[in-house]
Each structure stands twice: as structure tokens, then as C-alpha cells.
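What follows is a single structure, written as C-alpha cells, with notes after it.
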Amino acid sequence: MFTYNEQEWWSLVNIKAWSFSRLSLYESCPYRAKLQYIDKIPEPERPLPAGKTEHANERGSRIHEAAEHYLSLQRDDLLEELLNFKHEFEHLRNLAEEDQSRVQCEGLWCFDDTWESVNPDDYNNVWLRVIIDSLVWLSPTEVVVIDFKTGKRYGNEIKHGQQMTLYALAVAMKYPEVEVIHTELWYLDLNELAYQRYLKDQALAFLKSFNMRALTLNEDTEFKAKPNKSSCMFCPYGGAENKWVVPTGDCDVGV
């Protein structure tokens with residue numbers, strides 16, 4: 001019979017670390033979060049959409065990698081899917097060629113539960129992970145945070161708006177010298193851009209809200225399901241097969 005000390009037991013029944021996507025999934029359905037992050041039940045392979053040659057997540061990863069390599073001077077051409085923002089990418093590329101430190105790509109920022117920066121390999125203390133597609137320094141006290149979007153915009157406005165506030169907060173906590181934070185979401189397929197500007201104090205005002213939401217996640221040991229027709233339709237753990245998923249059947253309360 002296996003035995004666990006208190007810290008090991010706690011890690012088996014709660015979700016210790018979070019990201020924006022993990023928090024969003026938990027708030028949509030705590031039980032799905034349990035199955036995915038605690039029980040670690042693998043998602044089954046999803047059916048390939050009609051007329052598509054790759055899944056949305058695969059396509060997104062491929063496009064993000066191409067954008068990162070272009071801005072970090074590892075490739076010279078722009079992928080076709082990036083051409084809607086050709087002038088913007090070329091401008092960032094010119095900045096990077098002048099001074100690579102001004103354009104940071106694919107940054108993984110990790111914080112402990114006091115919002116102090118920690119090494120990504122410090123698994124005992126990593127509490128929050130934030131991935132930044134691109135951070136551009138306009139001056140020592142002013143930055144632009146850019147997130148590349150390959151999915152739809154409409155219907156995701158609230159979620160994406162909250163994501164922008166977390167980016168701004170993360171910048172304010174990691175770089176206390178920064179006074180002005182611009183956040184941009186580049187919808188690469190739609191040729192649309194969402195923009196928000198924050199002063200440092202405005203960004204820090206989101207600290208309490210994110211702390212409360214994250215602690216709710218951290219302290220939950222019940223993970224009650226939230227059956228919902230919209231979210232259950234795409235859940236990989238339900239019992240009803242549809243054109244989007246062939247679920248595992250681990251959840252029997254979905255609708």
C-alpha cells in the first residue's frame with residue numbers, strides 16, 4: 001500500500017499551478033479540469049474537420065512557430081497565414097535586426113503565489129505560467145505585448161479581454177519599472193486587431209481579482225461538473241459522440 005505525505009496528497013487532489021487557459025477551462029467545468037489535470041486522462045484523437053488537413057491546434061502551433069522564427073531572425077520569409085499582418089511583422093523584424101533585445105518572442109514567464117518571478121524549472125514554486133508571443137520594448141518604461149490569434153474572435157470577446165488584462169498584470173509584476181503597457185491581439189486570419197492601453201496602476205488593479213479566481217481553483221477538491229450544452233459539445237470526456245469529438249465516456253453527467 002502506498003502512503004503519501006501531506007504535500008504529496010495535496011498535489012493529488014488539487015490543481016497547484018495555473019495559466020489563463022487552465023483557469024478558463026476550470027471555470028467552464030471543474031470536473032473536466034480534474035479529469036485533464038489531476039487524473040491526466042488523455043484526450044482521444046479528434047476527427048479531422050471536413051476539408052481540413054490539420055487540426056486547429058496543430059495549425060495554430062505551426063503558425064506561431066513560424067512567426068517566432070521570423071521575429072527571432074531564424075527564417076527570412078513570412079508564412080502565407082501571416083501576410084494579413086505583413087507590414088506589422090516587417091516592422092517588428094526591422095526592430096529586431098537593429099536590436100534583438102527590443103523584440104522578445106515566445107517568452108515563458110513563471111510566478112510563485114506571491115507573484116515573484118521564478119524559474120520555469122522550479123516546479124515546487126511555479127504557481128502561474130504566462131506565455132507571451134511577443135514583447136516589444138518601445139522605451140525602458142513602455143512596452144507592447146502581442147498575442148497572435150488563429151481562432152475566431154466573435155464570441156470570445158470577454159475571454160480575450162480578460163487574457164489581455166492578465167498580460168498587462170504579468171508585465172507590471174515582472175517589470176516594475178514599466179509605466180505604460182499596450183496589449184494587442186492580432187487575429188491573423190481575420191486581419192483584425194484588438195488593442196488596449198494600461199497604465200501601471202490600472203494593470204495592478206487586476207491583481208486581487210486574479211488572485212481570488214486562482215485560489216478558488218487551487219483550493220477546490222470537489223470539482224463539481226457544470227453540465228452545459230455548449231461546453232459539453234466539445235468536451236473529450238463525455239458520452240455523446242458528435243462531429244467534433246469521440247469522447248472517452250469518463251463523465252456521465254454531460255448534456
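We label chains A, B, ... in the order they appear in the C-alpha cells, count residues from 1 in each chain, and number ligands from 1 in the order shown.
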
Can you pull out every residue within 10 Å of region 154-171 of chain A, counting only C-alpha atoms, but drop anything in the same chain fewer than 3 positions away, and send it as a PyMOL selection string?
-> chain A and resi 19-21+24+109-111+115+117+128-132+135+143-147+149+151+174-185+194-207+210

Would you export the selected residues with C-alpha atoms as a short mmCIF file (atom, residue, chain, number, x, y, z; two decimals), in the first residue's frame, please?
data_model
loop_
_atom_site.label_atom_id
_atom_site.label_comp_id
_atom_site.auth_asym_id
_atom_site.auth_seq_id
_atom_site.Cartn_x
_atom_site.Cartn_y
_atom_site.Cartn_z
CA SER A 19 -2.38 29.51 -16.58
CA PHE A 20 -5.07 31.57 -18.26
CA SER A 21 -6.23 28.61 -20.37
CA SER A 24 -10.71 29.29 -18.10
CA TRP A 109 7.07 33.76 -17.56
CA CYS A 110 6.55 31.93 -14.27
CA PHE A 111 5.50 33.35 -10.92
CA TRP A 115 3.82 37.00 -7.87
CA SER A 117 9.29 35.61 -10.83
CA LEU A 128 1.35 30.81 -12.64
CA ARG A 129 2.61 30.36 -16.18
CA VAL A 130 2.16 33.09 -18.79
CA ILE A 131 3.29 32.63 -22.39
CA ILE A 132 3.95 35.85 -24.28
CA LEU A 135 7.07 41.62 -26.09
CA VAL A 143 6.12 48.03 -23.80
CA VAL A 144 3.74 46.31 -26.20
CA VAL A 145 2.53 42.77 -25.51
CA ILE A 146 1.31 40.96 -28.64
CA ASP A 147 -0.66 37.73 -28.81
CA LYS A 149 -4.66 34.54 -32.63
CA GLY A 151 -9.05 31.20 -34.00
CA LYS A 174 7.72 41.16 -13.78
CA TYR A 175 8.96 44.60 -14.84
CA PRO A 176 8.05 47.11 -12.10
CA GLU A 177 9.91 49.86 -13.96
CA VAL A 178 7.35 49.76 -16.81
CA GLU A 179 4.78 52.55 -16.59
CA VAL A 180 2.76 52.06 -19.81
CA ILE A 181 1.60 48.72 -21.21
CA HIS A 182 -0.03 48.27 -24.61
CA THR A 183 -1.71 44.93 -25.32
CA GLU A 184 -2.59 43.78 -28.83
CA LEU A 185 -4.35 40.69 -30.11
CA ALA A 194 -7.81 44.32 -30.63
CA TYR A 195 -5.96 46.94 -28.60
CA GLN A 196 -5.91 48.13 -25.00
CA ARG A 197 -3.63 50.53 -23.16
CA TYR A 198 -2.94 50.30 -19.43
CA LEU A 199 -1.05 52.48 -17.04
CA LYS A 200 0.89 50.52 -14.44
CA ASP A 201 -1.62 51.18 -11.64
CA GLN A 202 -4.50 50.14 -13.90
CA ALA A 203 -2.78 46.81 -14.58
CA LEU A 204 -2.07 46.22 -10.89
CA ALA A 205 -5.75 46.76 -10.09
CA PHE A 206 -6.47 43.30 -11.59
CA LEU A 207 -4.26 41.56 -9.02
CA PHE A 210 -6.97 37.05 -10.46
#

Per-residue nearest contacts region 149-219 of chain A to region 61-67 of chain A, cut-off 12 Å, using only C-alpha atoms, as CSV:
residue,atom,partner,partner_atom,distance
A:Lys149,CA,A:His64,CA,8.8
A:Thr150,CA,A:Ile63,CA,8.0
A:Gly151,CA,A:Ile63,CA,11.5
A:Trp186,CA,A:His64,CA,11.6
A:Tyr187,CA,A:Ile63,CA,11.9
A:Leu188,CA,A:Ile63,CA,9.4
A:Asp189,CA,A:Ile63,CA,10.7

Exercise: region 45-51 of chain A partners within 9 Å, only C-alpha atoms, chain neighbours under 4 positions left out, as a list of chain:residue names =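 Surrounding residues, per the criterion: A:His55, A:Pro236, A:Lys243, A:Trp244, A:Val245, A:Val246, A:Pro247.
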
For N, CA and C atoms, I'd like the residues from the last selection saved as a tab-separated table (two decimals), in the first residue's frame.
chain	number	residue	atom	x	y	z
A	55	HIS	N	-5.60	19.76	-37.65
A	55	HIS	CA	-6.48	20.25	-36.60
A	55	HIS	C	-6.12	21.70	-36.26
A	236	PRO	N	-13.94	16.30	-24.35
A	236	PRO	CA	-13.44	14.99	-24.78
A	236	PRO	C	-13.77	13.86	-23.80
A	243	LYS	N	-19.67	15.38	-34.30
A	243	LYS	CA	-18.69	15.59	-35.37
A	243	LYS	C	-17.40	16.24	-34.87
A	244	TRP	N	-17.41	16.73	-33.63
A	244	TRP	CA	-16.22	17.38	-33.11
A	244	TRP	C	-15.38	16.45	-32.24
A	245	VAL	N	-16.04	15.55	-31.50
A	245	VAL	CA	-15.29	14.70	-30.56
A	245	VAL	C	-15.83	13.27	-30.56
A	246	VAL	N	-14.93	12.34	-30.23
A	246	VAL	CA	-15.32	10.96	-29.91
A	246	VAL	C	-14.90	10.77	-28.45
A	247	PRO	N	-15.78	11.10	-27.51
A	247	PRO	CA	-15.37	11.21	-26.09
A	247	PRO	C	-15.04	9.88	-25.45

With a distance cut-off of 12 Å and only C-alpha atoms, select the neighbouring residues of Val103 (chain A), excluding the residue or stretch itself and same-chain residues fewer than 5 positions from it, and output the selection as a count of residues only.
-> 27

Would you mind reading off the distance between CA of Tyr26 (chain A) and CA of Leu217 (chain A), one decimal, in Å?
-> 7.1 Å

Can you list every residue in region 47-172 of chain A that DSSP puts in helix (DSSP H, G or I), as an NGL selection string?
-> :A and (56-71 or 80-98 or 100-102 or 157-172)

Got a sec: who's within 12 Å of Ala240 (chain A), counting only C-alpha atoms, leaving out chain neighbours fewer than 2 positions off, as a ChimeraX atom specification?
-> /A:229,232-238,242-255
